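Colleague: Structure file data_8.tsv, TSV, C-alpha atoms and all ligand atoms, is pasted below:
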chain	number	residue	atom	x	y	z
A	28	MET	CA	50.89	-15.69	-56.21
A	29	ALA	CA	53.39	-17.29	-53.87
A	30	LEU	CA	55.67	-14.44	-52.88
A	31	ASP	CA	52.94	-12.23	-51.42
A	32	ARG	CA	52.21	-15.00	-48.93
A	33	ILE	CA	55.78	-14.98	-47.55
A	34	ASP	CA	56.99	-12.71	-44.73
A	35	VAL	CA	60.50	-12.36	-43.31
A	36	ILE	CA	60.66	-10.91	-39.79
A	37	ALA	CA	63.00	-10.80	-36.80
A	38	ALA	CA	61.31	-12.10	-33.64
A	39	ASP	CA	61.23	-14.73	-30.94
A	40	ILE	CA	59.12	-17.45	-32.56
A	41	THR	CA	57.51	-18.42	-29.24
A	42	THR	CA	55.65	-15.08	-29.19
A	43	LEU	CA	53.92	-15.40	-32.58
A	44	ALA	CA	50.15	-15.72	-32.90
A	45	VAL	CA	50.01	-18.02	-35.90
A	46	ASP	CA	48.20	-21.33	-36.34
A	47	VAL	CA	51.42	-23.32	-36.09
A	48	ILE	CA	55.07	-22.65	-35.30
A	49	VAL	CA	57.83	-24.97	-36.40
A	50	ASN	CA	60.40	-26.31	-33.98
A	51	ALA	CA	63.94	-27.17	-35.10
A	52	ALA	CA	63.95	-30.27	-32.93
A	53	ASN	CA	66.24	-33.26	-32.60
A	54	GLU	CA	65.35	-36.85	-33.41
A	55	SER	CA	64.49	-37.79	-29.83
A	56	LEU	CA	61.85	-35.02	-29.50
A	57	ARG	CA	62.92	-34.66	-25.87
A	58	GLY	CA	63.77	-30.96	-26.04
A	59	GLY	CA	67.19	-29.38	-26.31
A	60	GLY	CA	68.89	-26.02	-26.63
A	61	GLY	CA	68.33	-23.12	-29.02
A	62	VAL	CA	64.85	-22.64	-30.42
A	63	ASP	CA	63.84	-26.11	-29.18
A	64	GLY	CA	64.59	-25.13	-25.59
A	65	ALA	CA	62.79	-21.80	-25.98
A	66	ILE	CA	59.68	-23.50	-27.38
A	67	HIS	CA	59.56	-26.12	-24.62
A	68	ALA	CA	60.06	-23.45	-21.97
A	69	ALA	CA	57.26	-21.30	-23.38
A	70	ALA	CA	54.84	-24.16	-24.11
A	71	GLY	CA	55.25	-25.69	-20.65
A	72	PRO	CA	55.94	-29.25	-19.45
A	73	ASP	CA	52.87	-30.78	-21.08
A	74	LEU	CA	54.63	-30.40	-24.43
A	75	LEU	CA	57.35	-32.83	-23.37
A	76	GLU	CA	54.71	-35.26	-22.13
A	77	GLU	CA	52.95	-35.11	-25.51
A	78	CYS	CA	56.26	-35.56	-27.36
A	79	LYS	CA	56.95	-38.71	-25.33
A	80	THR	CA	53.78	-40.28	-26.78
A	81	ILE	CA	55.08	-40.01	-30.36
A	82	PRO	CA	56.54	-43.39	-31.28
A	83	GLY	CA	60.03	-43.25	-32.76
A	84	GLY	CA	60.54	-39.53	-32.25
A	85	CYS	CA	61.22	-37.77	-35.54
A	86	PRO	CA	63.84	-38.92	-38.07
A	87	THR	CA	65.90	-36.23	-39.83
A	88	GLY	CA	63.93	-34.64	-42.65
A	89	GLU	CA	60.55	-35.65	-41.20
A	90	ALA	CA	57.92	-33.64	-39.29
A	91	ARG	CA	55.53	-34.36	-36.41
A	92	LEU	CA	52.57	-32.36	-35.08
A	93	THR	CA	51.77	-31.55	-31.44
A	94	HIS	CA	49.52	-29.09	-29.69
A	95	GLY	CA	50.91	-25.67	-28.78
A	96	HIS	CA	49.96	-25.93	-25.09
A	97	LYS	CA	50.73	-22.55	-23.46
A	98	LEU	CA	51.86	-20.91	-26.71
A	99	GLN	CA	49.63	-18.55	-28.63
A	100	ALA	CA	50.16	-20.83	-31.60
A	101	GLN	CA	47.61	-23.64	-31.63
A	102	TYR	CA	50.06	-26.25	-32.86
A	103	ILE	CA	53.76	-27.01	-33.14
A	104	ILE	CA	55.35	-28.90	-36.02
A	105	HIS	CA	58.58	-30.51	-34.90
A	106	THR	CA	61.02	-31.13	-37.72
A	107	VAL	CA	64.62	-32.28	-37.58
A	108	GLY	CA	67.09	-30.60	-39.87
A	109	PRO	CA	70.34	-32.17	-41.03
A	110	ILE	CA	73.61	-31.62	-39.18
A	111	TRP	CA	75.98	-29.87	-41.59
A	112	GLN	CA	78.81	-32.22	-42.55
A	113	GLY	CA	80.36	-30.29	-45.42
A	114	GLY	CA	77.61	-30.54	-48.02
A	115	GLU	CA	78.15	-34.01	-49.46
A	116	ALA	CA	75.73	-35.87	-47.17
A	117	ASN	CA	72.45	-34.73	-48.81
A	118	GLU	CA	72.16	-31.87	-46.33
A	119	ASP	CA	70.49	-29.64	-48.97
A	120	GLY	CA	67.92	-32.29	-49.83
A	121	LEU	CA	67.12	-33.06	-46.21
A	122	LEU	CA	66.72	-29.39	-45.32
A	123	ALA	CA	64.36	-28.83	-48.25
A	124	GLN	CA	62.42	-31.91	-47.17
A	125	CYS	CA	61.96	-30.41	-43.67
A	126	TYR	CA	60.20	-27.42	-45.22
A	127	ARG	CA	58.10	-29.53	-47.61
A	128	ARG	CA	57.03	-32.02	-44.93
A	129	SER	CA	56.14	-29.23	-42.50
A	130	LEU	CA	54.05	-27.43	-45.11
A	131	GLY	CA	52.42	-30.70	-46.12
A	132	LEU	CA	51.54	-31.46	-42.51
A	133	MET	CA	49.98	-28.04	-41.99
A	134	VAL	CA	47.86	-28.40	-45.11
A	135	GLY	CA	46.84	-31.90	-44.04
A	136	ASN	CA	45.59	-30.44	-40.77
A	137	ASN	CA	43.82	-27.50	-42.41
A	138	LEU	CA	46.12	-24.89	-40.84
A	139	LYS	CA	46.50	-21.58	-42.65
A	140	THR	CA	49.41	-19.66	-41.09
A	141	ILE	CA	52.85	-20.95	-40.11
A	142	ALA	CA	56.14	-19.57	-38.82
A	143	PHE	CA	59.52	-21.23	-39.38
A	144	PRO	CA	62.79	-20.69	-37.54
A	145	ALA	CA	66.00	-20.98	-39.57
A	146	ILE	CA	66.22	-24.77	-39.32
A	147	SER	CA	69.73	-26.24	-38.92
A	148	THR	CA	71.51	-22.86	-38.84
A	149	GLY	CA	72.31	-22.91	-35.12
A	150	VAL	CA	73.95	-25.83	-33.38
A	151	TYR	CA	73.63	-27.92	-36.58
A	152	ARG	CA	75.95	-25.39	-38.37
A	153	PHE	CA	74.27	-25.31	-41.80
A	154	PRO	CA	75.72	-22.26	-43.63
A	155	LEU	CA	73.21	-19.45	-43.15
A	156	GLU	CA	72.90	-18.05	-46.68
A	157	ARG	CA	72.70	-21.50	-48.22
A	158	ALA	CA	70.01	-22.55	-45.72
A	159	ALA	CA	68.02	-19.35	-46.27
A	160	SER	CA	68.09	-19.84	-50.03
A	161	ILE	CA	66.82	-23.42	-49.68
A	162	ALA	CA	64.13	-22.34	-47.19
A	163	LEU	CA	62.77	-19.59	-49.43
A	164	SER	CA	62.96	-21.43	-52.75
A	165	THR	CA	61.42	-24.64	-51.37
A	166	THR	CA	58.59	-22.72	-49.73
A	167	ALA	CA	57.89	-20.58	-52.80
A	168	ALA	CA	57.71	-23.71	-54.95
A	169	PHE	CA	55.31	-25.33	-52.48
A	170	LEU	CA	53.07	-22.25	-52.34
A	171	THR	CA	52.93	-22.07	-56.12
A	172	GLY	CA	51.28	-25.48	-56.08
A	173	ASP	CA	48.99	-24.83	-53.09
A	174	ASP	CA	46.47	-22.06	-52.53
A	175	ARG	CA	45.29	-23.23	-49.10
A	176	ILE	CA	48.19	-21.74	-47.11
A	177	GLU	CA	47.57	-18.08	-46.28
A	178	LYS	CA	50.90	-16.98	-44.80
A	179	VAL	CA	54.38	-18.38	-44.24
A	180	THR	CA	56.55	-16.34	-41.88
A	181	PHE	CA	60.31	-16.82	-41.65
A	182	CYS	CA	61.06	-15.85	-38.09
A	183	CYS	CA	64.72	-14.87	-37.91
A	184	PHE	CA	66.67	-14.58	-34.70
A	185	GLY	CA	69.31	-11.88	-35.04
A	186	GLU	CA	70.41	-9.51	-37.81
A	187	PRO	CA	72.61	-11.91	-39.83
A	188	SER	CA	69.72	-14.36	-40.16
A	189	LEU	CA	67.27	-11.58	-41.04
A	190	HIS	CA	69.59	-10.27	-43.76
A	191	ALA	CA	70.21	-13.73	-45.20
A	192	HIS	CA	66.47	-14.42	-45.47
A	193	GLU	CA	65.66	-10.99	-46.89
A	194	LYS	CA	68.35	-11.51	-49.50
A	195	ALA	CA	67.02	-14.97	-50.34
A	196	LEU	CA	63.48	-13.60	-50.69
A	197	ALA	CA	64.71	-10.78	-52.92
A	198	GLY	CA	66.50	-13.35	-55.03
A	199	LEU	CA	63.14	-15.02	-55.76
A	200	THR	CA	61.33	-11.85	-56.76
A	201	PRO	CA	60.77	-11.77	-60.51
A	301	LIG	P1	69.48	-26.41	-35.12
A	301	LIG	O1	69.90	-27.50	-34.17
A	301	LIG	O2	68.45	-26.89	-36.13
A	301	LIG	O3	70.65	-25.72	-35.75
A	301	LIG	P2	69.07	-24.16	-33.27
A	301	LIG	O4	67.95	-23.97	-32.30
A	301	LIG	O5	70.45	-24.32	-32.72
A	301	LIG	O6	68.65	-25.40	-34.20
A	301	LIG	O7	69.09	-22.95	-34.29
A	301	LIG	C1	68.15	-22.78	-35.32
A	301	LIG	C2	67.87	-21.31	-35.50
A	301	LIG	O8	66.94	-20.87	-34.52
A	301	LIG	C3	69.09	-20.41	-35.34
A	301	LIG	O9	69.08	-19.46	-36.41
A	301	LIG	C4	68.85	-19.72	-34.01
A	301	LIG	O10	69.42	-18.42	-33.96
A	301	LIG	C5	67.34	-19.63	-34.03
A	301	LIG	N1	66.66	-19.38	-32.74
A	301	LIG	C6	67.09	-19.61	-31.49
A	301	LIG	N2	66.14	-19.24	-30.60
A	301	LIG	C7	65.08	-18.76	-31.31
A	301	LIG	C8	63.81	-18.19	-30.99
A	301	LIG	N3	63.40	-18.06	-29.72
A	301	LIG	N4	63.01	-17.78	-32.01
A	301	LIG	C9	63.39	-17.92	-33.30
A	301	LIG	N5	64.57	-18.44	-33.67
A	301	LIG	C10	65.41	-18.85	-32.70
I'd like the structure from this file rewritten - as structure tokens, please.
Modeller:
Amino acid sequence: MALDRIDVIAADITTLAVDVIVNAANESLRGGGGVDGAIHAAAGPDLLEECKTIPGGCPTGEARLTHGHKLQAQYIIHTVGPIWQGGEANEDGLLAQCYRRSLGLMVGNNLKTIAFPAISTGVYRFPLERAASIALSTTAAFLTGDDRIEKVTFCCFGEPSLHAHEKALAGLTP
């Protein structure tokens, strides 16, 4: 079953004790605002040093793995969501790819538990309900084909995001 391995919570993702947290990064992997800034602040300066060793940063829709440094999470997967441009620039496809690539990377590294922020829904302005629906449906489809992942947590920041993700999860329930 896929749905019993999905949780939706409201929390600060930097506090979660999971194997890997996902960062909604930018292509340079040099830190930024929002969840990216919070993760770099909590992980400490060695995270930036490690990010600098990754050649080419991270193109939109891709994912890169680093250590968690001072976080409770062992690892961080940095993925870069699309900037919302109105919906005709493959934003849906790129956002879904962020979730698939992140889940693929965790499986490839034998990690069992992961927490995602709501990628692209902050500064990148992706409409919240649309993003939540893509996040939940893409993840459920991935889990259906993979029994190695134990838990996927959607870590929402604020009530509107929590409600959007709860609604998207409920929409998947048979
Ligand atoms: P993007 O550039 O991909 O839009 P943002 O960091 O601006 O990234 O926003 C992505 C989401 O992360 C937003 O829903 C924002 O509210 C949320 N967010 C910000 N800080 C945190 C945090 N500490 N923990 C979890 N989510 C966070």
Colleague: Using all atoms listed in the file, which of A:Pro109, A:Gly131, A:Pro187, A:Pro82 sits nearest Phe153 of chain A?
Modeller: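 Residue with the minimum atom-to-atom distance to Phe153 of chain A: A:Pro109.
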Colleague: Produce as a PDB file with C-alpha atoms, in the coordinates of the input the set of residues near ligand LIG 301 (chain A), where near means within 6 Å with only C-alpha atoms and all ligand atoms considered.
Modeller:
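For reference, part_7.pdb as written:
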ATOM      1  CA  ASP A  39      61.230 -14.730 -30.940  1.00  0.00           C
ATOM      2  CA  ILE A  40      59.120 -17.450 -32.560  1.00  0.00           C
ATOM      3  CA  THR A  41      57.510 -18.420 -29.240  1.00  0.00           C
ATOM      4  CA  ALA A  51      63.940 -27.170 -35.100  1.00  0.00           C
ATOM      5  CA  GLY A  61      68.330 -23.120 -29.020  1.00  0.00           C
ATOM      6  CA  VAL A  62      64.850 -22.640 -30.420  1.00  0.00           C
ATOM      7  CA  ASP A  63      63.840 -26.110 -29.180  1.00  0.00           C
ATOM      8  CA  ALA A  65      62.790 -21.800 -25.980  1.00  0.00           C
ATOM      9  CA  GLY A 108      67.090 -30.600 -39.870  1.00  0.00           C
ATOM     10  CA  PRO A 144      62.790 -20.690 -37.540  1.00  0.00           C
ATOM     11  CA  ALA A 145      66.000 -20.980 -39.570  1.00  0.00           C
ATOM     12  CA  ILE A 146      66.220 -24.770 -39.320  1.00  0.00           C
ATOM     13  CA  SER A 147      69.730 -26.240 -38.920  1.00  0.00           C
ATOM     14  CA  THR A 148      71.510 -22.860 -38.840  1.00  0.00           C
ATOM     15  CA  GLY A 149      72.310 -22.910 -35.120  1.00  0.00           C
ATOM     16  CA  VAL A 150      73.950 -25.830 -33.380  1.00  0.00           C
ATOM     17  CA  TYR A 151      73.630 -27.920 -36.580  1.00  0.00           C
ATOM     18  CA  ARG A 152      75.950 -25.390 -38.370  1.00  0.00           C
ATOM     19  CA  CYS A 182      61.060 -15.850 -38.090  1.00  0.00           C
ATOM     20  CA  CYS A 183      64.720 -14.870 -37.910  1.00  0.00           C
ATOM     21  CA  PHE A 184      66.670 -14.580 -34.700  1.00  0.00           C
TER      22      PHE A 184
END
Colleague: Provide the atom CA of Ser164 of chain A to atom CA of Ala100 of chain A distance in Å, to one decimal place.
Modeller: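 Atom CA of Ala100 of chain A lies 24.7 Å from atom CA of Ser164 of chain A.
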Colleague: Of the residues A:Leu199, A:Ala158, A:Ala38, A:Ala168, which is the one nearest to Gly114 of chain A, using all atoms listed in the file?
Modeller: A:Ala158
Colleague: Of the candidates A:Leu30, A:Gly58, A:Pro86, A:Leu98, which one gets nearest to Ala70 of chain A if we count all atoms listed in the file?
Modeller: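 Checking each of A:Leu30, A:Gly58, A:Pro86, A:Leu98 against Ala70 of chain A, counting all atoms listed in the file, the winner is A:Leu98.
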Colleague: Identify which of the residues A:Thr171, A:Ile66, A:Ile110, A:Met28 lies closest to Glu54 of chain A, counting all atoms listed in the file when measuring atom-to-atom distances.
Modeller: A:Ile110
Colleague: Could you name the residues that touch Tyr126 of chain A at 8 Å or less, counting only C-alpha atoms, but leaving out those on the same chain fewer than 2 positions away, as a list in words?
Modeller: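 Returned residues: Leu122, Ala123, Gln124, Arg128, Ser129, Leu130, Ala162, Thr165 and Thr166 of chain A.
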Colleague: Go ahead and save the picked residues with C-alpha atoms, as a JSON list (two decimals), in the coordinates of the input.
Modeller:
[["chain", "number", "residue", "atom", "x", "y", "z"],
["A", 122, "LEU", "CA", 66.72, -29.39, -45.32],
["A", 123, "ALA", "CA", 64.36, -28.83, -48.25],
["A", 124, "GLN", "CA", 62.42, -31.91, -47.17],
["A", 128, "ARG", "CA", 57.03, -32.02, -44.93],
["A", 129, "SER", "CA", 56.14, -29.23, -42.50],
["A", 130, "LEU", "CA", 54.05, -27.43, -45.11],
["A", 162, "ALA", "CA", 64.13, -22.34, -47.19],
["A", 165, "THR", "CA", 61.42, -24.64, -51.37],
["A", 166, "THR", "CA", 58.59, -22.72, -49.73]]
